[in-house]
>>> print(open('upload-v6.txt').read())   # compact mmCIF, C-alpha atoms and all ligand atoms
# COMPACT_ATOMS: atom_id res chain seq x y z
CA MET A 11 1.41 -18.35 -12.96
CA ASN A 12 0.59 -16.10 -10.00
CA ALA A 13 -3.20 -15.80 -9.94
CA ARG A 14 -2.87 -12.19 -8.80
CA VAL A 15 -1.10 -11.11 -12.02
CA HIS A 16 -3.27 -9.62 -14.78
CA GLU A 17 -3.02 -7.59 -17.94
CA LEU A 18 -4.89 -4.30 -18.09
CA VAL A 19 -5.42 -1.97 -21.04
CA VAL A 20 -4.60 1.70 -20.48
CA ARG A 21 -7.64 3.63 -21.61
CA GLU A 22 -6.19 7.12 -21.34
CA VAL A 23 -2.99 8.90 -20.36
CA VAL A 24 -3.49 12.30 -18.73
CA SER A 25 -0.60 14.74 -18.47
CA GLU A 26 -0.86 16.18 -14.92
CA THR A 27 2.31 18.32 -14.89
CA SER A 28 5.46 18.36 -17.06
CA GLU A 29 6.77 15.51 -14.87
CA ALA A 30 3.70 13.43 -14.01
CA VAL A 31 1.09 11.44 -15.88
CA SER A 32 -2.02 9.56 -14.80
CA LEU A 33 -2.66 6.18 -16.40
CA ILE A 34 -6.37 5.37 -16.43
CA PHE A 35 -7.19 1.68 -16.79
CA ASP A 36 -10.02 -0.24 -18.36
CA VAL A 37 -10.95 -3.13 -16.10
CA PRO A 38 -12.95 -5.83 -17.90
CA VAL A 39 -16.09 -7.06 -16.14
CA GLU A 40 -14.58 -10.46 -15.39
CA LEU A 41 -11.77 -8.79 -13.41
CA SER A 42 -13.90 -6.19 -11.65
CA ARG A 43 -14.01 -8.10 -8.35
CA ARG A 44 -10.26 -8.69 -8.37
CA PHE A 45 -9.66 -5.00 -9.02
CA ALA A 46 -12.07 -3.74 -6.38
CA TYR A 47 -9.84 -1.58 -4.17
CA SER A 48 -9.80 0.60 -1.09
CA PRO A 49 -8.71 4.24 -1.19
CA GLY A 50 -4.97 4.46 -0.52
CA GLN A 51 -4.14 1.09 -2.08
CA PHE A 52 -1.62 0.65 -4.89
CA LEU A 53 -1.00 -1.40 -8.03
CA THR A 54 2.32 -3.09 -8.71
CA VAL A 55 3.28 -2.62 -12.36
CA ARG A 56 5.66 -4.76 -14.40
CA VAL A 57 7.98 -2.61 -16.47
CA PRO A 58 9.88 -4.49 -19.17
CA SER A 59 13.65 -4.21 -19.17
CA GLU A 60 16.21 -5.57 -21.62
CA GLN A 61 18.70 -5.81 -18.73
CA THR A 62 16.70 -7.76 -16.19
CA GLY A 63 13.58 -9.02 -18.00
CA SER A 64 11.46 -6.68 -15.94
CA VAL A 65 11.35 -4.50 -12.87
CA ALA A 66 8.36 -4.19 -10.52
CA ARG A 67 7.24 -0.84 -9.16
CA CYS A 68 4.30 0.15 -6.94
CA TYR A 69 2.03 3.06 -7.88
CA SER A 70 -0.76 4.25 -5.62
CA LEU A 71 -4.23 4.57 -7.05
CA SER A 72 -5.09 8.25 -7.32
CA SER A 73 -8.69 7.50 -8.26
CA SER A 74 -11.43 6.91 -5.70
CA PRO A 75 -13.52 3.73 -5.76
CA HIS A 76 -16.36 5.79 -4.26
CA CYS A 77 -16.64 8.45 -6.97
CA GLY A 78 -17.46 6.40 -10.05
CA GLU A 79 -13.95 6.81 -11.46
CA ARG A 80 -12.00 4.25 -13.46
CA PRO A 81 -8.90 3.01 -11.59
CA ALA A 82 -5.92 5.29 -12.24
CA VAL A 83 -2.35 5.56 -11.02
CA THR A 84 -0.24 8.70 -11.21
CA VAL A 85 3.46 8.36 -11.98
CA LYS A 86 5.99 11.13 -11.45
CA ARG A 87 9.38 10.99 -13.13
CA THR A 88 12.23 10.20 -10.73
CA LEU A 89 15.46 11.84 -11.82
CA GLY A 90 17.62 9.04 -13.26
CA GLY A 91 14.93 6.49 -12.43
CA TYR A 92 14.22 3.63 -14.82
CA ALA A 93 10.60 2.58 -14.42
CA SER A 94 8.96 5.96 -13.82
CA ASN A 95 10.59 7.42 -16.94
CA TRP A 96 9.79 4.32 -18.96
CA LEU A 97 6.11 4.59 -18.02
CA CYS A 98 5.97 8.33 -18.74
CA ASP A 99 7.72 7.89 -22.11
CA ASN A 100 6.24 4.64 -23.42
CA VAL A 101 2.66 4.23 -22.25
CA SER A 102 -0.18 5.56 -24.38
CA ALA A 103 -3.91 4.85 -24.78
CA GLY A 104 -4.25 1.19 -25.77
CA SER A 105 -1.00 0.05 -24.10
CA VAL A 106 -1.29 -3.18 -22.13
CA LEU A 107 0.42 -3.31 -18.72
CA THR A 108 0.98 -6.34 -16.51
CA VAL A 109 -0.06 -5.56 -12.94
CA LEU A 110 -0.71 -7.21 -9.60
CA GLU A 111 -4.10 -6.82 -7.97
CA PRO A 112 -4.55 -3.80 -5.66
CA ALA A 113 -2.79 -4.13 -2.31
CA GLY A 114 -1.84 -2.13 0.77
CA ASN A 115 -3.61 -0.91 3.87
CA PHE A 116 -2.99 2.85 3.88
CA ALA A 117 -6.59 3.87 4.46
CA PRO A 118 -8.82 5.17 7.23
CA ARG A 119 -10.94 2.52 8.90
CA ASN A 120 -13.45 5.11 10.04
CA TRP A 121 -14.46 7.54 7.31
CA ASN A 122 -16.33 9.84 9.67
CA ARG A 123 -13.22 10.97 11.55
CA ASP A 124 -11.59 14.35 10.88
CA LEU A 125 -8.53 13.82 8.72
CA LEU A 126 -5.21 15.65 8.46
CA LEU A 127 -3.64 14.56 5.16
CA CYS A 128 0.00 15.48 4.51
CA ALA A 129 1.65 14.96 1.12
CA ALA A 130 4.67 16.14 -0.83
CA GLY A 131 5.19 15.77 -4.59
CA SER A 132 3.92 12.44 -5.93
CA GLY A 133 2.89 11.56 -2.35
CA ILE A 134 -0.39 13.25 -3.21
CA THR A 135 -1.49 10.13 -5.12
CA PRO A 136 -2.90 7.94 -2.29
CA ILE A 137 -3.85 11.09 -0.37
CA MET A 138 -6.01 12.20 -3.30
CA SER A 139 -7.83 8.88 -3.30
CA ILE A 140 -8.43 9.11 0.46
CA LEU A 141 -9.49 12.76 0.19
CA LYS A 142 -12.07 12.17 -2.55
CA SER A 143 -13.40 9.11 -0.73
CA ALA A 144 -13.69 10.91 2.60
CA LEU A 145 -15.61 13.77 1.01
CA ALA A 146 -17.87 11.33 -0.86
CA MET A 147 -18.78 9.00 2.00
CA GLY A 148 -17.59 10.48 5.30
CA ARG A 149 -18.89 13.29 7.45
CA GLY A 150 -15.67 14.63 8.99
CA LYS A 151 -13.53 17.63 8.13
CA VAL A 152 -10.47 17.18 5.91
CA VAL A 153 -7.36 19.34 5.98
CA VAL A 154 -4.61 18.82 3.42
CA LEU A 155 -1.04 20.04 3.62
CA TYR A 156 0.53 19.62 0.17
CA ALA A 157 4.19 20.54 -0.32
CA ASN A 158 5.76 21.16 -3.72
CA ARG A 159 8.77 22.86 -5.22
CA ASP A 160 6.70 25.53 -7.00
CA ARG A 161 3.26 26.17 -8.45
CA GLN A 162 4.02 24.29 -11.71
CA SER A 163 4.82 21.08 -9.88
CA ILE A 164 1.45 20.80 -8.08
CA ILE A 165 -0.25 17.61 -9.29
CA PHE A 166 -4.07 17.77 -9.31
CA ALA A 167 -4.05 21.56 -8.73
CA ARG A 168 -7.33 22.07 -10.56
CA GLN A 169 -9.04 19.02 -9.03
CA LEU A 170 -8.11 20.23 -5.54
CA GLN A 171 -9.47 23.68 -6.31
CA GLU A 172 -12.72 22.16 -7.52
CA LEU A 173 -13.04 19.96 -4.39
CA ILE A 174 -12.59 23.04 -2.18
CA ARG A 175 -15.24 24.90 -4.17
CA ARG A 176 -17.70 22.04 -3.75
CA ASN A 177 -16.91 21.39 -0.05
CA PRO A 178 -16.08 24.79 1.43
CA ARG A 179 -17.09 23.82 4.97
CA ARG A 180 -15.37 20.45 5.05
CA LEU A 181 -12.13 20.86 3.12
CA SER A 182 -9.17 23.20 3.33
CA VAL A 183 -5.83 22.85 1.54
CA LEU A 184 -2.53 24.51 2.38
CA HIS A 185 -0.13 24.52 -0.57
CA TRP A 186 3.33 24.76 0.98
CA LEU A 187 5.56 25.91 -1.88
CA GLU A 188 9.30 25.75 -1.42
CA SER A 189 9.68 28.63 -3.90
CA GLU A 190 7.66 30.89 -1.60
CA ARG A 191 8.29 29.73 1.99
CA GLY A 192 11.22 27.31 1.87
CA LEU A 193 11.08 23.65 2.85
CA PRO A 194 8.48 22.58 5.42
CA ASP A 195 10.00 22.74 8.92
CA ALA A 196 8.86 21.32 12.23
CA ARG A 197 8.12 24.68 13.82
CA GLY A 198 6.04 25.96 10.93
CA ILE A 199 4.13 22.68 10.74
CA ALA A 200 3.40 22.68 14.50
CA THR A 201 2.09 26.22 14.34
CA TRP A 202 -0.12 25.49 11.37
CA ALA A 203 -1.39 22.09 12.59
CA ARG A 204 -2.30 23.11 16.16
CA PRO A 205 -6.08 23.40 15.46
CA TYR A 206 -6.03 19.91 13.90
CA ARG A 207 -4.21 18.02 16.64
CA LYS A 208 -7.20 15.74 17.31
CA TYR A 209 -7.44 14.73 13.64
CA ASP A 210 -6.28 11.33 12.29
CA VAL A 211 -3.02 11.86 10.40
CA TYR A 212 -2.07 10.29 7.03
CA LEU A 213 1.32 11.06 5.55
CA CYS A 214 3.00 10.36 2.21
CA GLY A 215 6.16 12.03 0.97
CA PRO A 216 9.95 11.80 0.85
CA ALA A 217 12.00 11.14 3.99
CA GLY A 218 12.89 14.78 4.74
CA PHE A 219 9.28 15.88 4.47
CA ALA A 220 8.05 12.96 6.57
CA SER A 221 10.57 13.79 9.32
CA ALA A 222 9.53 17.45 9.35
CA ILE A 223 5.86 16.45 9.68
CA LYS A 224 6.57 13.94 12.46
CA ASP A 225 8.78 16.39 14.34
CA GLY A 226 6.20 19.14 13.95
CA LEU A 227 3.36 16.93 15.14
CA ALA A 228 5.47 15.62 18.03
CA ARG A 229 5.51 19.22 19.31
CA LEU A 230 1.72 18.90 19.50
CA ARG A 231 2.06 15.61 21.41
CA ILE A 232 1.01 13.51 18.43
CA PRO A 233 3.28 10.47 18.68
CA GLU A 234 4.85 8.99 15.57
CA ARG A 235 3.08 5.68 16.13
CA ALA A 236 -0.30 7.40 15.70
CA ILE A 237 0.63 8.65 12.21
CA ARG A 238 -0.23 6.45 9.25
CA GLN A 239 2.51 6.69 6.65
CA GLU A 240 2.92 5.37 3.11
CA GLU A 241 6.59 5.20 2.23
CA TYR A 242 7.58 5.22 -1.41
CA ARG A 243 10.51 3.05 -2.33
CA SER A 244 11.49 0.92 -5.28
CA LEU A 245 11.07 -2.79 -4.76
CA THR A 246 14.28 -4.77 -4.48
CA ASP A 247 12.28 -7.94 -5.04
CA ASN A 248 10.44 -8.64 -8.30
CA PRO A 249 7.14 -10.42 -7.58
CA PHE A 250 6.59 -10.96 -11.33
CA GLU A 251 9.83 -12.89 -11.85
CA ARG A 252 10.18 -14.17 -8.27
CA HIS A 253 6.82 -15.79 -7.89
CA ALA A 254 7.51 -18.23 -10.68
CA ALA A 255 10.90 -19.06 -9.18
CA VAL A 256 9.54 -19.61 -5.66
CA VAL A 257 6.19 -21.18 -6.29
CA THR A 258 6.66 -23.38 -9.31
CA PRO A 259 8.77 -26.02 -7.54
CA ALA A 260 6.25 -26.24 -4.70
CA HIS A 261 3.38 -26.65 -7.19
CA ALA A 262 5.42 -29.15 -9.15
CA VAL A 263 5.52 -31.55 -6.21
CA GLY A 264 1.86 -30.97 -5.41
CA PRO A 265 0.57 -28.51 -2.82
CA PRO A 266 -0.56 -30.07 0.44
CA GLN A 267 -4.24 -30.81 0.93
CA ALA A 268 -6.17 -28.42 3.14
CA GLY A 269 -5.93 -29.59 6.73
CA ALA A 270 -3.81 -32.57 5.78
CA GLY A 271 -0.96 -31.80 8.15
CA VAL A 272 1.77 -32.18 5.53
CA ALA A 273 5.24 -31.44 6.85
CA VAL A 274 7.01 -30.47 3.63
CA ALA A 275 5.84 -30.13 0.07
CA VAL A 276 8.32 -32.75 -1.21
CA ALA A 277 7.26 -35.54 1.16
CA PRO A 278 3.57 -35.50 1.98
CA ALA A 279 2.75 -37.17 5.31
CA PRO A 280 -0.26 -39.46 5.65
CA VAL A 281 -3.45 -37.46 5.46
CA ALA A 282 -4.65 -38.59 8.89
CA ALA A 283 -1.42 -37.72 10.75
CA PRO A 284 -2.18 -34.92 13.21
CA LEU A 285 0.30 -32.07 13.37
CA ARG A 286 2.10 -31.62 16.67
CA ALA A 287 4.04 -28.60 17.81
CA SER A 288 7.63 -29.22 18.89
CA ALA A 289 10.57 -27.18 20.11
CA ASP A 290 11.40 -26.30 16.49
CA THR A 291 7.95 -26.13 14.96
CA ALA A 292 4.55 -24.69 15.80
CA THR A 293 1.33 -25.57 14.00
CA VAL A 294 -0.85 -23.04 12.29
CA LYS A 295 -4.32 -23.08 10.79
CA VAL A 296 -4.48 -20.52 7.98
CA GLU A 297 -7.67 -19.25 6.39
CA ILE A 298 -7.06 -17.73 2.99
CA ASP A 299 -9.08 -17.30 -0.21
CA GLY A 300 -11.97 -19.31 1.27
CA GLU A 301 -9.73 -22.30 2.10
CA THR A 302 -8.27 -23.56 5.37
CA HIS A 303 -4.78 -25.07 5.57
CA THR A 304 -3.18 -26.63 8.63
CA LEU A 305 0.59 -26.42 8.41
CA PRO A 306 3.76 -26.92 10.38
CA TRP A 307 5.36 -23.56 11.10
CA PRO A 308 9.11 -23.73 11.79
CA ARG A 309 9.83 -21.25 14.56
CA THR A 310 12.53 -19.43 12.60
CA LYS A 311 10.55 -19.21 9.34
CA LYS A 312 8.37 -16.26 8.45
CA LEU A 313 4.73 -17.05 7.84
CA LEU A 314 4.74 -15.81 4.25
CA ASP A 315 7.66 -18.09 3.38
CA VAL A 316 5.83 -21.04 4.96
CA LEU A 317 2.75 -20.34 2.84
CA LEU A 318 4.66 -19.88 -0.41
CA ASP A 319 6.68 -23.06 0.23
CA HIS A 320 3.38 -24.92 0.46
CA GLY A 321 2.18 -23.50 -2.85
CA ILE A 322 -0.38 -21.24 -1.20
CA ASP A 323 -0.98 -18.08 -3.22
CA ALA A 324 -0.58 -15.60 -0.36
CA PRO A 325 -0.58 -11.91 -1.25
CA TYR A 326 2.72 -10.07 -1.00
CA VAL A 327 4.72 -7.38 -2.77
CA CYS A 328 7.71 -5.91 -0.92
CA ARG A 329 8.52 -8.58 1.71
CA GLU A 330 10.09 -5.79 3.77
CA SER A 331 7.08 -4.91 5.98
CA ALA A 332 6.56 -1.61 4.19
CA CYS A 333 3.67 -2.18 1.80
CA GLY A 334 1.14 -3.92 4.05
CA THR A 335 0.02 -6.31 1.29
CA CYS A 336 0.47 -9.48 3.39
CA VAL A 337 -1.52 -8.19 6.37
CA CYS A 338 -3.50 -10.88 8.22
CA ARG A 339 -5.07 -11.35 11.62
CA VAL A 340 -3.90 -13.56 14.47
CA GLU A 341 -7.10 -15.24 15.64
CA ARG A 342 -5.39 -17.52 18.17
CA GLY A 343 -1.88 -17.77 19.58
CA ARG A 344 1.02 -15.38 20.02
CA THR A 345 3.32 -14.14 17.27
CA ARG A 346 6.05 -11.55 16.87
CA MET A 347 7.20 -9.44 13.96
CA LEU A 348 10.84 -8.96 13.05
CA MET A 349 10.08 -5.60 11.49
CA ASN A 350 7.00 -3.43 11.13
CA GLU A 351 6.89 -0.34 8.99
CA SER A 352 3.20 -0.25 8.22
CA LEU A 353 0.93 -1.23 11.11
CA ILE A 354 0.09 1.31 13.80
CA ASP A 355 -0.68 0.52 17.46
CA GLU A 356 -4.43 0.46 16.90
CA GLU A 357 -4.04 -2.24 14.22
CA LEU A 358 -1.61 -4.26 16.30
CA ALA A 359 -4.16 -4.17 19.12
CA MET A 360 -6.70 -5.63 16.68
CA GLY A 361 -4.37 -8.60 16.16
CA LEU A 362 -3.16 -7.59 12.71
CA THR A 363 0.29 -8.74 11.63
CA LEU A 364 2.44 -8.81 8.49
CA ALA A 365 2.96 -12.34 7.22
CA CYS A 366 6.33 -11.44 5.66
CA GLN A 367 7.76 -10.66 9.11
CA THR A 368 5.81 -12.92 11.46
CA LEU A 369 7.26 -15.74 13.54
CA PRO A 370 5.30 -17.99 15.94
CA GLU A 371 5.69 -17.64 19.70
CA SER A 372 3.08 -20.13 20.89
CA ASP A 373 2.53 -23.72 19.75
CA ASP A 374 -0.89 -23.66 18.18
CA LEU A 375 -1.98 -20.72 16.07
CA HIS A 376 -4.82 -19.61 13.85
CA ILE A 377 -4.30 -16.90 11.23
CA ALA A 378 -6.91 -15.41 8.88
CA PHE A 379 -6.32 -13.40 5.73
CA ASP A 380 -9.01 -11.37 3.91
CA GLN A 381 -10.47 -9.72 6.98
C1 LIG B 401 3.45 1.61 -1.90
C2 LIG B 401 4.13 2.52 -2.91
C3 LIG B 401 3.38 3.41 -3.64
C4 LIG B 401 3.99 4.25 -4.56
N1 LIG B 401 3.22 5.13 -5.27
C5 LIG B 401 3.78 5.96 -6.17
C6 LIG B 401 2.98 6.88 -6.91
O1 LIG B 401 1.77 6.94 -6.72
N2 LIG B 401 3.59 7.68 -7.82
C7 LIG B 401 4.95 7.64 -8.01
O2 LIG B 401 5.43 8.39 -8.89
N3 LIG B 401 5.74 6.78 -7.32
C8 LIG B 401 5.18 5.94 -6.42
N4 LIG B 401 5.97 5.04 -5.74
C9 LIG B 401 7.42 4.98 -6.02
C10 LIG B 401 7.67 4.06 -7.24
O3 LIG B 401 7.33 2.72 -6.91
C11 LIG B 401 9.14 4.06 -7.68
O4 LIG B 401 9.95 3.84 -6.55
C12 LIG B 401 9.52 5.35 -8.37
O5 LIG B 401 8.72 5.55 -9.53
C13 LIG B 401 11.01 5.32 -8.80
O6 LIG B 401 11.23 4.22 -9.61
P1 LIG B 401 12.29 4.29 -10.81
O7 LIG B 401 12.48 2.93 -11.34
O8 LIG B 401 11.89 5.35 -11.78
O9 LIG B 401 13.56 4.85 -10.09
P2 LIG B 401 14.71 4.00 -9.38
O10 LIG B 401 14.17 2.89 -8.58
O11 LIG B 401 15.58 4.98 -8.70
O12 LIG B 401 15.42 3.42 -10.66
C14 LIG B 401 16.70 3.22 -10.69
C15 LIG B 401 16.94 1.73 -10.55
O13 LIG B 401 16.62 1.08 -11.75
C16 LIG B 401 17.70 0.26 -12.14
N5 LIG B 401 17.75 0.30 -13.60
C17 LIG B 401 18.22 1.29 -14.38
N6 LIG B 401 18.07 0.98 -15.69
C18 LIG B 401 17.53 -0.27 -15.72
C19 LIG B 401 17.12 -1.15 -16.76
N7 LIG B 401 17.28 -0.83 -18.04
N8 LIG B 401 16.58 -2.35 -16.42
C20 LIG B 401 16.43 -2.69 -15.11
N9 LIG B 401 16.80 -1.89 -14.09
C21 LIG B 401 17.33 -0.70 -14.39
C22 LIG B 401 18.94 0.86 -11.50
O14 LIG B 401 19.88 -0.15 -11.22
C23 LIG B 401 18.38 1.44 -10.25
O15 LIG B 401 18.40 0.48 -9.20
C24 LIG B 401 5.38 4.19 -4.79
C25 LIG B 401 6.15 3.26 -4.04
C26 LIG B 401 5.53 2.45 -3.11
C27 LIG B 401 6.36 1.45 -2.34
>>> encode(input="upload-v6.txt", output="structure tokens")
Amino acid sequence: MNARVHELVVREVVSETSEAVSLIFDVPVELSRRFAYSPGQFLTVRVPSEQTGSVARCYSLSSSPHCGERPAVTVKRTLGGYASNWLCDNVSAGSVLTVLEPAGNFAPRNWNRDLLLCAAGSGITPIMSILKSALAMGRGKVVVLYANRDRQSIIFARQLQELIRRNPRRLSVLHWLESERGLPDARGIATWARPYRKYDVYLCGPAGFASAIKDGLARLRIPERAIRQEEYRSLTDNPFERHAAVVTPAHAVGPPQAGAGVAVAVAPAPVAAPLRASADTATVKVEIDGETHTLPWPRTKKLLDVLLDHGIDAPYVCRESACGTCVCRVERGRTRMLMNESLIDEELAMGLTLACQTLPESDDLHIAFDQ
């Protein structure tokens, strides 16, 4: 069983709007370290299905770990969607949900910077967590642009009002309501955002909204690669069902010993045999969960697949570069990513990479998780 899968009891369900609920979890003391999270991270929830056994969906934590709140996610109904409607219709206080530990890297690294937070609809969820955290432990100014269809669809309307009241000099919120001023457009955004063009930008909302924000900010010479974005999408993979399918065979033949230099899980090489890079294979030392593994890394195989094949419980959710769960740091050697939808230039410069997309370029590499 995947060690990152747990069952949590829902303590309370809060109706936020006619279409959105917050699920507040009880985390038992023995799981409190595993459920320690950063603002902007998400939980992956298993939703039972008669058709497929289950589906997996990510929901950002709307609570802040810095405000003494219990962990909570906020789910908005998607028209015709399966999991969001199932959660809104079936979960009540006392329900038990199967979830993966918090993941993702959509969070400021420096809480004292000025922040420009842009959200639309349910995109407010991670933004709310970042906002509350920044006000609680940072010193910068925070400006929020929050787009909704109309006044009734604003999630956290009262909480936002209260935060403004308590932080009048640090926080301002623009509610951009489609019913009053139409959809957000690049020109309007550029005009409004001009005073904030030196702020760090965080963005979460549907594709049309995200494009309007990026186009608007581009007019202020804020390049797209400087904007941190959380993109909502439904997982095509199911880490709850998949993990068993992928990992069990590797475990069944015995995971390689740390540093043993085993070529493949099915045929362990002698413990003393040193690993050598070749035209087809690099070698990699991986630090993860307090252990060090030295492994052969086939040049066409992504790092995450190498780790899972060796029975190593590496963190992952989407496997499409979007969620940032498998982020790790290249300590030595050169790598390349096939796709990158979550790391910005600053993080790439720090040596961060996404294991689900990373291939080796040099012969001898060192990668560390848990930075
Ligand atoms: C990092 C991240 C954070 C997110 N945070 C939030 C958040 O904070 N709040 C939020 O509301 N959303 C959030 N999302 C989006 C969320 O994960 C879902 O994509 C969203 O809730 C829509 O899921 P859905 O199943 O309702 O809709 P869809 O994915 O559109 O559901 C339709 C799909 O379900 C399948 N389906 C239909 N019936 C069944 C059935 N009986 N059994 C199995 N499959 C079926 C259909 O084939 C179809 O593919 C986030 C996404 C990501 C990636």
>>> residues_near_point(input="upload-v6.txt", point="(4.1, 17.8, 19.7)", cutoff="10 Å", atoms="all atoms listed in the file", output="MDAnalysis selection string")
chainID A and resid 196:197 200 203:204 207 224:234
>>> residues_near_ligand(input="upload-v6.txt", ligand="ligand LIG 401 (chain B)", cutoff="8 Å", atoms="only C-alpha atoms and all ligand atoms", output="PDB file with C-alpha atoms, in the coordinates of the input")
ATOM      1  CA  ALA A  30       3.700  13.430 -14.010  1.00  0.00           C
ATOM      2  CA  GLN A  51      -4.140   1.090  -2.080  1.00  0.00           C
ATOM      3  CA  PHE A  52      -1.620   0.650  -4.890  1.00  0.00           C
ATOM      4  CA  LEU A  53      -1.000  -1.400  -8.030  1.00  0.00           C
ATOM      5  CA  THR A  54       2.320  -3.090  -8.710  1.00  0.00           C
ATOM      6  CA  PRO A  58       9.880  -4.490 -19.170  1.00  0.00           C
ATOM      7  CA  SER A  59      13.650  -4.210 -19.170  1.00  0.00           C
ATOM      8  CA  GLU A  60      16.210  -5.570 -21.620  1.00  0.00           C
ATOM      9  CA  GLN A  61      18.700  -5.810 -18.730  1.00  0.00           C
ATOM     10  CA  THR A  62      16.700  -7.760 -16.190  1.00  0.00           C
ATOM     11  CA  GLY A  63      13.580  -9.020 -18.000  1.00  0.00           C
ATOM     12  CA  SER A  64      11.460  -6.680 -15.940  1.00  0.00           C
ATOM     13  CA  VAL A  65      11.350  -4.500 -12.870  1.00  0.00           C
ATOM     14  CA  ALA A  66       8.360  -4.190 -10.520  1.00  0.00           C
ATOM     15  CA  ARG A  67       7.240  -0.840  -9.160  1.00  0.00           C
ATOM     16  CA  CYS A  68       4.300   0.150  -6.940  1.00  0.00           C
ATOM     17  CA  TYR A  69       2.030   3.060  -7.880  1.00  0.00           C
ATOM     18  CA  SER A  70      -0.760   4.250  -5.620  1.00  0.00           C
ATOM     19  CA  LEU A  71      -4.230   4.570  -7.050  1.00  0.00           C
ATOM     20  CA  SER A  72      -5.090   8.250  -7.320  1.00  0.00           C
ATOM     21  CA  VAL A  83      -2.350   5.560 -11.020  1.00  0.00           C
ATOM     22  CA  THR A  84      -0.240   8.700 -11.210  1.00  0.00           C
ATOM     23  CA  VAL A  85       3.460   8.360 -11.980  1.00  0.00           C
ATOM     24  CA  LYS A  86       5.990  11.130 -11.450  1.00  0.00           C
ATOM     25  CA  ARG A  87       9.380  10.990 -13.130  1.00  0.00           C
ATOM     26  CA  THR A  88      12.230  10.200 -10.730  1.00  0.00           C
ATOM     27  CA  LEU A  89      15.460  11.840 -11.820  1.00  0.00           C
ATOM     28  CA  GLY A  90      17.620   9.040 -13.260  1.00  0.00           C
ATOM     29  CA  GLY A  91      14.930   6.490 -12.430  1.00  0.00           C
ATOM     30  CA  TYR A  92      14.220   3.630 -14.820  1.00  0.00           C
ATOM     31  CA  ALA A  93      10.600   2.580 -14.420  1.00  0.00           C
ATOM     32  CA  SER A  94       8.960   5.960 -13.820  1.00  0.00           C
ATOM     33  CA  ASN A  95      10.590   7.420 -16.940  1.00  0.00           C
ATOM     34  CA  TRP A  96       9.790   4.320 -18.960  1.00  0.00           C
ATOM     35  CA  GLY A 114      -1.840  -2.130   0.770  1.00  0.00           C
ATOM     36  CA  SER A 132       3.920  12.440  -5.930  1.00  0.00           C
ATOM     37  CA  GLY A 133       2.890  11.560  -2.350  1.00  0.00           C
ATOM     38  CA  ILE A 134      -0.390  13.250  -3.210  1.00  0.00           C
ATOM     39  CA  THR A 135      -1.490  10.130  -5.120  1.00  0.00           C
ATOM     40  CA  PRO A 136      -2.900   7.940  -2.290  1.00  0.00           C
ATOM     41  CA  GLU A 240       2.920   5.370   3.110  1.00  0.00           C
ATOM     42  CA  GLU A 241       6.590   5.200   2.230  1.00  0.00           C
ATOM     43  CA  TYR A 242       7.580   5.220  -1.410  1.00  0.00           C
ATOM     44  CA  ARG A 243      10.510   3.050  -2.330  1.00  0.00           C
ATOM     45  CA  SER A 244      11.490   0.920  -5.280  1.00  0.00           C
ATOM     46  CA  LEU A 245      11.070  -2.790  -4.760  1.00  0.00           C
ATOM     47  CA  CYS A 328       7.710  -5.910  -0.920  1.00  0.00           C
ATOM     48  CA  ALA A 332       6.560  -1.610   4.190  1.00  0.00           C
ATOM     49  CA  CYS A 333       3.670  -2.180   1.800  1.00  0.00           C
TER      50      CYS A 333
END
>>> atom_distance(input="upload-v6.txt", atom1="CA of Leu362 (chain A)", atom2="CA of Leu313 (chain A)")
13.2 Å
>>> closest_residue(input="upload-v6.txt", among="A:Lys208, A:Glu341, A:Asp355, A:Phe379", to="Glu297 (chain A)", atoms="only C-alpha atoms")
A:Phe379
>>> residues_near_point(input="upload-v6.txt", point="(-1.1, 6.8, 12.8)", cutoff="6 Å", atoms="all atoms listed in the file", output="ChimeraX atom specification")
/A:211,235-238,354
>>> residues_around(input="upload-v6.txt", residues="region 176-180 of chain A", least_positions_apart="2", cutoff="12 Å", atoms="all atoms listed in the file", output="ChimeraX atom specification")
/A:122-126,141-142,144-146,148-154,169-174,182-183
>>> atom_distance(input="upload-v6.txt", atom1="CA of Pro194 (chain A)", atom2="CA of Met138 (chain A)")
19.8 Å
>>> atom_distance(input="upload-v6.txt", atom1="CA of Ala217 (chain A)", atom2="CA of Gly131 (chain A)")
11.9 Å
>>> residues_around(input="upload-v6.txt", residues="Ser331 (chain A)", least_positions_apart="5", cutoff="9 Å", atoms="all atoms listed in the file", output="CSV table (one decimal) with C-alpha atoms, keeping the file's coordinate frame")
chain,number,residue,atom,x,y,z
A,336,CYS,CA,0.5,-9.5,3.4
A,348,LEU,CA,10.8,-9.0,13.0
A,349,MET,CA,10.1,-5.6,11.5
A,350,ASN,CA,7.0,-3.4,11.1
A,351,GLU,CA,6.9,-0.3,9.0
A,352,SER,CA,3.2,-0.2,8.2
A,353,LEU,CA,0.9,-1.2,11.1
A,364,LEU,CA,2.4,-8.8,8.5
A,365,ALA,CA,3.0,-12.3,7.2
A,366,CYS,CA,6.3,-11.4,5.7
A,367,GLN,CA,7.8,-10.7,9.1
>>> closest_residue(input="upload-v6.txt", among="A:Ala292, A:Val106, A:Ile322, A:Met360", to="Leu375 (chain A)", atoms="all atoms listed in the file")
A:Ala292
